[in-house]
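Novice: Dropping in final_28.cif, with mmCIF, C-alpha atoms and all ligand atoms.
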data_data
loop_
_atom_site.group_PDB
_atom_site.id
_atom_site.type_symbol
_atom_site.label_atom_id
_atom_site.label_comp_id
_atom_site.auth_asym_id
_atom_site.auth_seq_id
_atom_site.Cartn_x
_atom_site.Cartn_y
_atom_site.Cartn_z
ATOM 1 C CA MET A 15 -43.378 127.429 41.871
ATOM 2 C CA THR A 16 -44.769 125.753 38.815
ATOM 3 C CA GLY A 17 -48.158 124.417 37.815
ATOM 4 C CA GLU A 18 -46.483 122.655 34.928
ATOM 5 C CA THR A 19 -48.255 120.296 32.657
ATOM 6 C CA SER A 20 -46.184 119.258 29.659
ATOM 7 C CA LEU A 21 -46.628 121.495 26.628
ATOM 8 C CA GLU A 22 -48.349 118.721 24.668
ATOM 9 C CA GLU A 23 -50.952 118.307 27.410
ATOM 10 C CA LEU A 24 -51.930 121.993 27.428
ATOM 11 C CA PRO A 25 -55.109 122.943 25.556
ATOM 12 C CA ASP A 26 -54.371 124.389 22.105
ATOM 13 C CA HIS A 27 -55.360 127.954 23.109
ATOM 14 C CA VAL A 28 -53.134 127.854 26.225
ATOM 15 C CA ARG A 29 -50.120 126.623 24.238
ATOM 16 C CA ARG A 30 -50.636 129.274 21.566
ATOM 17 C CA ASN A 31 -51.188 132.090 24.079
ATOM 18 C CA ARG A 32 -48.069 131.026 25.991
ATOM 19 C CA ALA A 33 -45.933 131.374 22.878
ATOM 20 C CA GLU A 34 -47.458 134.777 22.046
ATOM 21 C CA TRP A 35 -47.162 136.171 25.593
ATOM 22 C CA ASP A 36 -43.558 134.989 25.888
ATOM 23 C CA ARG A 37 -42.956 136.940 22.667
ATOM 24 C CA TRP A 38 -44.915 140.061 23.794
ATOM 25 C CA ALA A 39 -43.574 140.208 27.374
ATOM 26 C CA ALA A 40 -40.781 142.673 26.538
ATOM 27 C CA ASP A 41 -43.409 145.197 25.375
ATOM 28 C CA TYR A 42 -45.165 145.018 28.758
ATOM 29 C CA VAL A 43 -42.125 145.708 30.949
ATOM 30 C CA ALA A 44 -42.498 149.521 30.965
ATOM 31 C CA ASN A 45 -46.177 149.369 31.909
ATOM 32 C CA GLY A 46 -45.350 146.840 34.617
ATOM 33 C CA GLU A 47 -42.646 149.106 36.047
ATOM 34 C CA ARG A 48 -44.954 152.144 36.011
ATOM 35 C CA SER A 49 -47.879 150.258 37.539
ATOM 36 C CA TRP A 50 -45.775 148.667 40.295
ATOM 37 C CA ARG A 51 -44.908 152.202 41.472
ATOM 38 C CA LEU A 52 -48.565 153.160 42.096
ATOM 39 C CA ARG A 53 -49.397 153.490 45.798
ATOM 40 C CA PRO A 54 -52.722 152.673 47.508
ATOM 41 C CA GLY A 55 -55.300 155.186 46.285
ATOM 42 C CA ASP A 56 -53.331 155.958 43.101
ATOM 43 C CA GLU A 57 -53.947 152.676 41.247
ATOM 44 C CA THR A 58 -55.427 152.879 37.755
ATOM 45 C CA TRP A 59 -57.244 150.245 35.675
ATOM 46 C CA GLY A 60 -57.456 149.130 32.091
ATOM 47 C CA ILE A 61 -56.301 150.696 28.874
ATOM 48 C CA TRP A 62 -57.550 154.203 29.851
ATOM 49 C CA ASP A 63 -55.938 154.283 33.316
ATOM 50 C CA ILE A 64 -59.217 154.888 35.117
ATOM 51 C CA PRO A 65 -58.414 155.645 38.777
ATOM 52 C CA GLU A 66 -59.358 153.189 41.494
ATOM 53 C CA ALA A 67 -60.607 156.236 43.397
ATOM 54 C CA THR A 68 -63.274 156.671 40.662
ATOM 55 C CA LEU A 69 -64.082 153.016 39.985
ATOM 56 C CA HIS A 70 -63.979 151.349 43.406
ATOM 57 C CA LEU A 71 -63.115 148.082 41.756
ATOM 58 C CA LEU A 72 -61.366 146.747 44.880
ATOM 59 C CA PRO A 73 -63.096 145.741 48.118
ATOM 60 C CA ASP A 74 -62.637 148.360 50.872
ATOM 61 C CA ASP A 75 -60.873 146.113 53.344
ATOM 62 C CA LEU A 76 -58.264 143.762 51.924
ATOM 63 C CA ASP A 77 -56.316 143.449 55.118
ATOM 64 C CA GLY A 78 -55.391 139.814 55.792
ATOM 65 C CA LEU A 79 -57.296 138.423 52.771
ATOM 66 C CA ASP A 80 -55.868 135.599 50.667
ATOM 67 C CA THR A 81 -56.004 136.656 47.011
ATOM 68 C CA ILE A 82 -55.202 135.004 43.699
ATOM 69 C CA GLU A 83 -54.601 136.897 40.468
ATOM 70 C CA LEU A 84 -55.518 134.780 37.441
ATOM 71 C CA GLY A 85 -53.159 135.772 34.634
ATOM 72 C CA CYS A 86 -51.068 138.138 36.757
ATOM 73 C CA GLY A 87 -48.612 139.146 34.016
ATOM 74 C CA THR A 88 -46.052 141.485 35.547
ATOM 75 C CA GLY A 89 -47.856 141.189 38.894
ATOM 76 C CA TYR A 90 -48.702 144.800 39.608
ATOM 77 C CA VAL A 91 -52.314 144.158 40.661
ATOM 78 C CA SER A 92 -51.066 141.654 43.236
ATOM 79 C CA ALA A 93 -48.460 144.183 44.392
ATOM 80 C CA TRP A 94 -51.284 146.716 44.941
ATOM 81 C CA LEU A 95 -53.222 144.096 46.923
ATOM 82 C CA ALA A 96 -50.120 143.335 49.027
ATOM 83 C CA ARG A 97 -49.686 147.048 49.833
ATOM 84 C CA ARG A 98 -53.316 147.060 50.985
ATOM 85 C CA GLY A 99 -52.599 144.222 53.419
ATOM 86 C CA ALA A 100 -53.605 141.145 51.392
ATOM 87 C CA HIS A 101 -51.620 137.911 50.949
ATOM 88 C CA PRO A 102 -51.460 137.490 47.168
ATOM 89 C CA VAL A 103 -50.618 134.611 44.887
ATOM 90 C CA GLY A 104 -50.236 135.165 41.148
ATOM 91 C CA ILE A 105 -50.510 132.598 38.382
ATOM 92 C CA ASP A 106 -49.498 133.261 34.788
ATOM 93 C CA ASN A 107 -49.093 131.219 31.631
ATOM 94 C CA SER A 108 -45.967 133.120 30.473
ATOM 95 C CA GLU A 109 -42.594 132.525 32.076
ATOM 96 C CA ALA A 110 -41.314 135.708 30.416
ATOM 97 C CA GLN A 111 -44.026 137.827 32.065
ATOM 98 C CA LEU A 112 -43.250 136.183 35.415
ATOM 99 C CA ALA A 113 -39.551 137.014 35.000
ATOM 100 C CA THR A 114 -40.515 140.712 34.964
ATOM 101 C CA ALA A 115 -42.804 140.156 37.964
ATOM 102 C CA ARG A 116 -39.975 138.496 39.920
ATOM 103 C CA ARG A 117 -37.536 141.309 39.143
ATOM 104 C CA LEU A 118 -40.081 143.939 40.233
ATOM 105 C CA GLN A 119 -40.829 142.008 43.427
ATOM 106 C CA ALA A 120 -37.127 142.188 44.309
ATOM 107 C CA GLU A 121 -36.875 145.886 43.398
ATOM 108 C CA HIS A 122 -39.921 146.827 45.492
ATOM 109 C CA GLY A 123 -39.291 144.407 48.359
ATOM 110 C CA ILE A 124 -42.755 142.851 47.955
ATOM 111 C CA GLU A 125 -42.654 139.065 47.736
ATOM 112 C CA PHE A 126 -45.557 136.763 46.953
ATOM 113 C CA ALA A 127 -45.877 133.331 45.318
ATOM 114 C CA LEU A 128 -45.836 133.295 41.529
ATOM 115 C CA ILE A 129 -46.955 130.153 39.732
ATOM 116 C CA HIS A 130 -46.140 129.372 36.121
ATOM 117 C CA GLY A 131 -49.271 127.637 34.896
ATOM 118 C CA ASN A 132 -52.727 127.727 33.384
ATOM 119 C CA ALA A 133 -55.437 129.525 35.374
ATOM 120 C CA GLU A 134 -57.914 126.936 34.090
ATOM 121 C CA ASN A 135 -56.107 124.291 36.174
ATOM 122 C CA VAL A 136 -54.452 125.797 39.266
ATOM 123 C CA PRO A 137 -52.275 123.498 41.427
ATOM 124 C CA LEU A 138 -53.709 124.753 44.729
ATOM 125 C CA GLN A 139 -56.302 123.445 47.171
ATOM 126 C CA ASP A 140 -60.040 124.112 47.107
ATOM 127 C CA ALA A 141 -61.338 127.036 49.173
ATOM 128 C CA SER A 142 -57.920 128.690 49.670
ATOM 129 C CA PHE A 143 -58.795 132.287 48.725
ATOM 130 C CA ASP A 144 -61.078 135.209 49.648
ATOM 131 C CA LEU A 145 -60.652 137.082 46.365
ATOM 132 C CA ALA A 146 -59.876 136.028 42.787
ATOM 133 C CA ILE A 147 -59.075 138.893 40.434
ATOM 134 C CA SER A 148 -58.109 139.310 36.800
ATOM 135 C CA GLU A 149 -57.470 142.416 34.727
ATOM 136 C CA TYR A 150 -57.277 141.351 31.065
ATOM 137 C CA GLY A 151 -55.645 138.121 32.304
ATOM 138 C CA ALA A 152 -57.372 134.739 32.343
ATOM 139 C CA SER A 153 -60.530 136.859 32.069
ATOM 140 C CA ILE A 154 -59.933 137.223 28.318
ATOM 141 C CA TRP A 155 -57.117 134.771 27.477
ATOM 142 C CA ALA A 156 -58.515 131.626 29.098
ATOM 143 C CA ASP A 157 -61.734 129.781 28.317
ATOM 144 C CA PRO A 158 -64.429 131.087 30.713
ATOM 145 C CA TYR A 159 -66.048 127.629 30.763
ATOM 146 C CA ARG A 160 -62.780 126.396 32.322
ATOM 147 C CA TRP A 161 -61.438 129.310 34.378
ATOM 148 C CA VAL A 162 -64.711 130.396 36.069
ATOM 149 C CA PRO A 163 -65.332 126.910 37.578
ATOM 150 C CA GLU A 164 -61.671 126.925 38.673
ATOM 151 C CA ALA A 165 -62.089 130.319 40.370
ATOM 152 C CA ALA A 166 -65.206 128.983 42.117
ATOM 153 C CA ARG A 167 -63.228 125.969 43.349
ATOM 154 C CA LEU A 168 -60.416 128.134 44.700
ATOM 155 C CA LEU A 169 -62.669 130.588 46.555
ATOM 156 C CA ARG A 170 -64.037 130.188 50.054
ATOM 157 C CA PRO A 171 -67.785 130.633 50.630
ATOM 158 C CA GLY A 172 -68.489 134.362 50.465
ATOM 159 C CA GLY A 173 -65.289 134.926 48.451
ATOM 160 C CA ARG A 174 -65.274 137.539 45.681
ATOM 161 C CA LEU A 175 -64.536 137.273 41.990
ATOM 162 C CA ILE A 176 -63.658 140.529 40.202
ATOM 163 C CA PHE A 177 -62.572 140.604 36.572
ATOM 164 C CA LEU A 178 -62.051 143.185 33.848
ATOM 165 C CA VAL A 179 -62.699 142.366 30.183
ATOM 166 C CA ASN A 180 -63.160 144.115 26.850
ATOM 167 C CA GLY A 181 -66.639 145.581 26.481
ATOM 168 C CA THR A 182 -69.041 143.241 24.709
ATOM 169 C CA ILE A 183 -70.213 145.966 22.312
ATOM 170 C CA LEU A 184 -66.570 146.743 21.533
ATOM 171 C CA THR A 185 -65.973 143.121 20.564
ATOM 172 C CA LEU A 186 -69.025 143.156 18.282
ATOM 173 C CA ALA A 187 -67.776 146.349 16.611
ATOM 174 C CA SER A 188 -64.143 145.213 16.231
ATOM 175 C CA PRO A 189 -62.801 144.082 12.872
ATOM 176 C CA ASP A 190 -60.723 140.882 12.700
ATOM 177 C CA THR A 191 -57.523 142.901 13.032
ATOM 178 C CA GLU A 192 -56.757 144.497 16.397
ATOM 179 C CA GLU A 193 -54.606 147.083 14.598
ATOM 180 C CA GLU A 194 -57.748 148.892 13.369
ATOM 181 C CA PRO A 195 -60.062 150.672 15.803
ATOM 182 C CA ALA A 196 -63.602 149.497 16.485
ATOM 183 C CA THR A 197 -66.161 150.694 13.988
ATOM 184 C CA GLU A 198 -69.603 152.190 14.611
ATOM 185 C CA ARG A 199 -71.215 149.093 13.091
ATOM 186 C CA LEU A 200 -71.687 145.590 14.454
ATOM 187 C CA VAL A 201 -69.235 143.498 12.444
ATOM 188 C CA ARG A 202 -69.575 140.106 14.134
ATOM 189 C CA PRO A 203 -72.496 138.100 15.521
ATOM 190 C CA TYR A 204 -73.496 138.352 19.174
ATOM 191 C CA PHE A 205 -75.012 134.884 19.271
ATOM 192 C CA GLY A 206 -72.313 132.244 19.657
ATOM 193 C CA LEU A 207 -69.709 134.731 20.942
ATOM 194 C CA HIS A 208 -66.954 132.689 22.640
ATOM 195 C CA ARG A 209 -63.529 131.999 21.100
ATOM 196 C CA LEU A 210 -61.930 134.567 18.760
ATOM 197 C CA GLU A 211 -58.704 134.576 16.773
ATOM 198 C CA TRP A 212 -57.201 137.751 15.332
ATOM 199 C CA ASP A 213 -55.600 138.227 11.923
ATOM 200 C CA GLU A 214 -52.194 139.461 12.967
ATOM 201 C CA ASP A 215 -51.026 136.825 15.447
ATOM 202 C CA ASP A 216 -51.563 133.287 16.722
ATOM 203 C CA SER A 217 -53.344 134.192 19.974
ATOM 204 C CA VAL A 218 -56.811 133.040 21.036
ATOM 205 C CA SER A 219 -59.073 135.107 23.279
ATOM 206 C CA PHE A 220 -62.533 134.618 24.725
ATOM 207 C CA TYR A 221 -65.654 136.782 24.999
ATOM 208 C CA LEU A 222 -69.190 135.978 26.106
ATOM 209 C CA GLY A 223 -72.543 137.669 25.747
ATOM 210 C CA TYR A 224 -74.203 139.024 28.885
ATOM 211 C CA GLY A 225 -76.694 136.181 29.300
ATOM 212 C CA ASP A 226 -73.943 133.591 28.930
ATOM 213 C CA TRP A 227 -71.795 135.333 31.561
ATOM 214 C CA ILE A 228 -74.698 135.463 34.016
ATOM 215 C CA ARG A 229 -75.642 131.812 33.453
ATOM 216 C CA LEU A 230 -72.016 130.661 33.727
ATOM 217 C CA LEU A 231 -71.427 132.590 36.954
ATOM 218 C CA ARG A 232 -74.672 131.410 38.535
ATOM 219 C CA ALA A 233 -74.036 127.796 37.485
ATOM 220 C CA ASN A 234 -70.759 128.014 39.407
ATOM 221 C CA ASP A 235 -72.344 129.239 42.627
ATOM 222 C CA PHE A 236 -71.686 132.935 42.092
ATOM 223 C CA GLU A 237 -74.149 135.747 42.735
ATOM 224 C CA VAL A 238 -73.549 138.647 40.354
ATOM 225 C CA GLU A 239 -73.136 141.811 42.438
ATOM 226 C CA ASP A 240 -72.326 144.383 39.768
ATOM 227 C CA LEU A 241 -71.333 144.984 36.177
ATOM 228 C CA LEU A 242 -69.348 148.193 35.800
ATOM 229 C CA GLU A 243 -69.332 149.657 32.287
ATOM 230 C CA LEU A 244 -66.239 151.818 32.125
ATOM 231 C CA GLN A 245 -66.161 155.258 30.544
ATOM 232 C CA PRO A 246 -62.764 156.957 30.278
ATOM 233 C CA ALA A 247 -62.246 160.589 31.268
ATOM 234 C CA GLU A 248 -62.604 163.262 28.536
ATOM 235 C CA ASP A 249 -58.814 163.717 28.433
ATOM 236 C CA ALA A 250 -57.875 160.028 28.739
ATOM 237 C CA SER A 251 -55.457 158.404 26.308
ATOM 238 C CA THR A 252 -54.345 154.889 25.457
ATOM 239 C CA THR A 253 -51.491 153.321 23.562
ATOM 240 C CA TYR A 254 -53.758 150.548 22.211
ATOM 241 C CA PRO A 255 -54.912 150.897 18.590
ATOM 242 C CA PHE A 256 -58.167 148.900 18.825
ATOM 243 C CA VAL A 257 -60.419 151.688 20.143
ATOM 244 C CA THR A 258 -60.511 155.478 19.993
ATOM 245 C CA LEU A 259 -61.363 157.818 22.842
ATOM 246 C CA GLY A 260 -64.385 159.084 20.884
ATOM 247 C CA TRP A 261 -65.738 155.525 20.676
ATOM 248 C CA ALA A 262 -65.031 154.724 24.315
ATOM 249 C CA ARG A 263 -66.704 157.925 25.511
ATOM 250 C CA ARG A 264 -69.950 156.741 23.862
ATOM 251 C CA TRP A 265 -69.950 152.973 24.454
ATOM 252 C CA PRO A 266 -68.300 150.788 27.106
ATOM 253 C CA SER A 267 -64.928 149.585 25.854
ATOM 254 C CA GLU A 268 -64.239 147.838 29.152
ATOM 255 C CA GLU A 269 -66.431 146.012 31.658
ATOM 256 C CA VAL A 270 -65.832 144.794 35.204
ATOM 257 C CA TRP A 271 -67.845 141.903 36.623
ATOM 258 C CA LYS A 272 -68.154 141.574 40.395
ATOM 259 C CA ALA A 273 -69.521 138.337 41.810
ATOM 260 C CA ARG A 274 -69.578 136.603 45.156
ATOM 261 C CA LYS A 275 -69.392 132.871 45.882
ATOM 262 C CA ARG A 276 -72.504 131.740 47.714
ATOM 263 C CA GLY A 277 -71.803 131.160 51.413
HETATM 264 C C1 LIG B 1 -52.510 141.779 29.495
HETATM 265 S S1 LIG B 1 -51.713 140.641 30.584
HETATM 266 C C2 LIG B 1 -52.690 140.975 32.010
HETATM 267 C C3 LIG B 1 -51.941 140.900 33.296
HETATM 268 C C4 LIG B 1 -51.665 142.202 34.006
HETATM 269 N N1 LIG B 1 -52.862 142.958 34.280
HETATM 270 C C5 LIG B 1 -50.647 142.954 33.195
HETATM 271 O O1 LIG B 1 -51.010 143.792 32.367
HETATM 272 O O2 LIG B 1 -49.449 142.661 33.364
HETATM 273 C C6 LIG B 1 -52.362 139.055 30.141
HETATM 274 C C7 LIG B 1 -51.686 137.911 30.875
HETATM 275 O O3 LIG B 1 -52.545 136.765 30.889
HETATM 276 C C8 LIG B 1 -51.691 135.640 30.853
HETATM 277 N N2 LIG B 1 -52.452 134.439 30.468
HETATM 278 C C9 LIG B 1 -52.948 134.130 29.239
HETATM 279 N N3 LIG B 1 -53.583 132.942 29.292
HETATM 280 C C10 LIG B 1 -53.463 132.493 30.564
HETATM 281 C C11 LIG B 1 -53.887 131.317 31.228
HETATM 282 N N4 LIG B 1 -54.577 130.360 30.591
HETATM 283 N N5 LIG B 1 -53.570 131.176 32.534
HETATM 284 C C12 LIG B 1 -52.861 132.129 33.187
HETATM 285 N N6 LIG B 1 -52.443 133.260 32.601
HETATM 286 C C13 LIG B 1 -52.746 133.450 31.314
HETATM 287 C C14 LIG B 1 -50.631 136.037 29.845
HETATM 288 O O4 LIG B 1 -49.501 135.195 29.923
HETATM 289 C C15 LIG B 1 -50.383 137.481 30.216
HETATM 290 O O5 LIG B 1 -49.315 137.623 31.097
#
Please rewrite the model in this file as structure tokens.
Ligand SMILES: C[S@@+](CC[C@H](N)C(=O)[O-])C[C@H]1O[C@@H](n2cnc3c(N)ncnc32)[C@H](O)[C@@H]1O
Specialist:
Amino acid sequence: MTGETSLEELPDHVRRNRAEWDRWAADYVANGERSWRLRPGDETWGIWDIPEATLHLLPDDLDGLDTIELGCGTGYVSAWLARRGAHPVGIDNSEAQLATARRLQAEHGIEFALIHGNAENVPLQDASFDLAISEYGASIWADPYRWVPEAARLLRPGGRLIFLVNGTILTLASPDTEEEPATERLVRPYFGLHRLEWDEDDSVSFYLGYGDWIRLLRANDFEVEDLLELQPAEDASTTYPFVTLGWARRWPSEEVWKARKRG
């Protein structure tokens, strides 16, 4: 299925991120394969592989729920939801990422709809889902002032929105290159935090301050239920260069927002 708008009609950041993610997709195949193999109770989140059993990011009972993953990449989060009884749909801006997702669906015998499109403009009806979820997907690569209203439109009353993003303090402490780890100083302003571009590539990503997140969620009929500030285990490791374990043990390098659409 496709949510295609012509390339020229896509917002600049969506067009640029599509080109970059089509280029990066090959580097994400191994992680996709590994993550697809994780069984209920063994799932892990984020760059430090924090266990679901520790975080409780997912709702307890997913059985029969309609879910949409916004920026599903290789689709492993949706595969986890399917194994827990949900009916997932995934949307992603990169055809190359979706090619991996489709191959892994076939290998694991878990089929769900995959849409090639922009999570800021999803070609599906209002109030079709009980849960919208994003792990470093639309949650950081799409404009929150576009994708949050779209998530609100897609959710039924009482539906949940759960998304994982880079920690706000991490963003403030990160130099313009993602190849260097976060410093122990604030190197960019907090006020006005929104769209960021990095030195080494053509991608665009998005970050908000806490007040802006709360106001945006509430303006779109969400009640904020929780903000999890993730701390990796003492022996955790990551392949990503932008933060060290020592840093992430002291400050939150990842955050999970949980919100619920007013009923
Ligand atoms: C780090 S991956 C996260 C997905 C998944 N957790 C994974 O690791 O495979 C980021 C994904 O967001 C997708 N993405 C970026 N901008 C998007 C947009 N506007 N709409 C939908 N997906 C988007 C990218 O194509 C990429 O596959």
Novice: As a list in words, please: the residues near stretch 104-119 of chain A (cut-off 6 Å, all atoms listed in the file, same-chain neighbours under 4 positions excluded).
Specialist: Arg32, Trp35, Asp36, Ala39, Ile82, Glu83, Leu84, Gly85, Cys86, Gly87, Thr88, Gly89, Gly123, Ile124, Glu125, Leu128, Ile129, His130, Gly131 and Asn132 of chain A
Novice: With the file shown as input, list the residues that the PyMOL selection byres (((chain A and resi 187) around 12) and not hetatm) selects, as a count of residues only.
Specialist: 30
Novice: Could you tell me which residues the PyMOL selection byres (((chain A and resi 277) around 6) and not hetatm) grabs in this file, written as a short mmCIF file (atom, residue, chain, number, x, y, z; two decimals) with C-alpha atoms, keeping the file's coordinate frame?
Specialist:
data_model
loop_
_atom_site.label_atom_id
_atom_site.label_comp_id
_atom_site.auth_asym_id
_atom_site.auth_seq_id
_atom_site.Cartn_x
_atom_site.Cartn_y
_atom_site.Cartn_z
CA PRO A 171 -67.78 130.63 50.63
CA GLY A 172 -68.49 134.36 50.46
CA ARG A 276 -72.50 131.74 47.71
#
Novice: Out of A:Val103, A:Glu121, A:Thr81, A:Asp213, which residue has the shortest atom-to-atom distance to A:Ala146 when counting only C-alpha atoms?
Specialist: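 Looking at the shortest contact to A:Ala146, the residue is A:Thr81.
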Novice: Residue by residue, what does the PyMOL selection byres (((chain A and resi 224) around 12) and not hetatm) grab here? Present the result as a PyMOL selection string.
Specialist: chain A and resi 181-183+204-208+221-223+225-231+238+241+269-271
Novice: Can you work out the spacing between atom CA of A:Ala33 and atom CA of A:Ile176 in Å, to one decimal?
Specialist: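 Those two atoms sit 26.4 Å apart.
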Novice: Which value, in Å to one decimal, gives the distance between atom CA of A:Tyr90 and atom CA of A:Asp235?
Specialist: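 Value for the atom CA of A:Tyr90-atom CA of A:Asp235 distance: 28.5 Å.
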Novice: Do you have the atom CA of A:Ser251-atom CA of A:Asp63 distance handy?
Specialist: 8.1 Å
Novice: Please tell me which residues are no farther than 8 Å from (-58.0, 125.3, 47.5) in the file, counting all atoms listed in the file, and write them as a ChimeraX atom specification.
Specialist: /A:138-143,167-169
Novice: When you count all atoms listed in the file, which of these residues is closest to A:Asn31: A:Ala247, A:Ala156, A:Leu259, A:Ala233?
Specialist: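 Result for the nearest residue to A:Asn31: A:Ala156.
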Novice: Step by step: start from the point (-54.7, 154.1, 41.6) in the file's coordinates, keep every protein, DNA or RNA residue that has an atom no farther than 12 Å from it, count all atoms listed in the file, and write the set as a short mmCIF file (atom, residue, chain, number, x, y, z; two decimals) with C-alpha atoms, keeping the file's coordinate frame.
Specialist:
data_model
loop_
_atom_site.label_atom_id
_atom_site.label_comp_id
_atom_site.auth_asym_id
_atom_site.auth_seq_id
_atom_site.Cartn_x
_atom_site.Cartn_y
_atom_site.Cartn_z
CA ARG A 48 -44.95 152.14 36.01
CA SER A 49 -47.88 150.26 37.54
CA TRP A 50 -45.78 148.67 40.30
CA ARG A 51 -44.91 152.20 41.47
CA LEU A 52 -48.56 153.16 42.10
CA ARG A 53 -49.40 153.49 45.80
CA PRO A 54 -52.72 152.67 47.51
CA GLY A 55 -55.30 155.19 46.28
CA ASP A 56 -53.33 155.96 43.10
CA GLU A 57 -53.95 152.68 41.25
CA THR A 58 -55.43 152.88 37.76
CA TRP A 59 -57.24 150.24 35.67
CA GLY A 60 -57.46 149.13 32.09
CA ASP A 63 -55.94 154.28 33.32
CA ILE A 64 -59.22 154.89 35.12
CA PRO A 65 -58.41 155.65 38.78
CA GLU A 66 -59.36 153.19 41.49
CA ALA A 67 -60.61 156.24 43.40
CA THR A 68 -63.27 156.67 40.66
CA LEU A 69 -64.08 153.02 39.98
CA HIS A 70 -63.98 151.35 43.41
CA LEU A 71 -63.12 148.08 41.76
CA LEU A 72 -61.37 146.75 44.88
CA TYR A 90 -48.70 144.80 39.61
CA VAL A 91 -52.31 144.16 40.66
CA TRP A 94 -51.28 146.72 44.94
CA LEU A 95 -53.22 144.10 46.92
CA ARG A 97 -49.69 147.05 49.83
CA ARG A 98 -53.32 147.06 50.98
#
Novice: Of the candidates A:Leu21, A:Leu178, A:Ala44, A:Ala133, which one gets nearest to ligand LIG 1 (chain B) if we count only C-alpha atoms and all ligand atoms?
Specialist: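 Closest to ligand LIG 1 (chain B), using only C-alpha atoms and all ligand atoms: A:Ala133.
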Novice: Point out the residue among A:Ala93, A:Glu134, A:Pro73, A:Gly99 with the least atom-to-atom distance to ligand LIG 1 (chain B), counting only C-alpha atoms and all ligand atoms.
Specialist: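 Using only C-alpha atoms and all ligand atoms, the shortest distance to ligand LIG 1 (chain B) belongs to A:Glu134.
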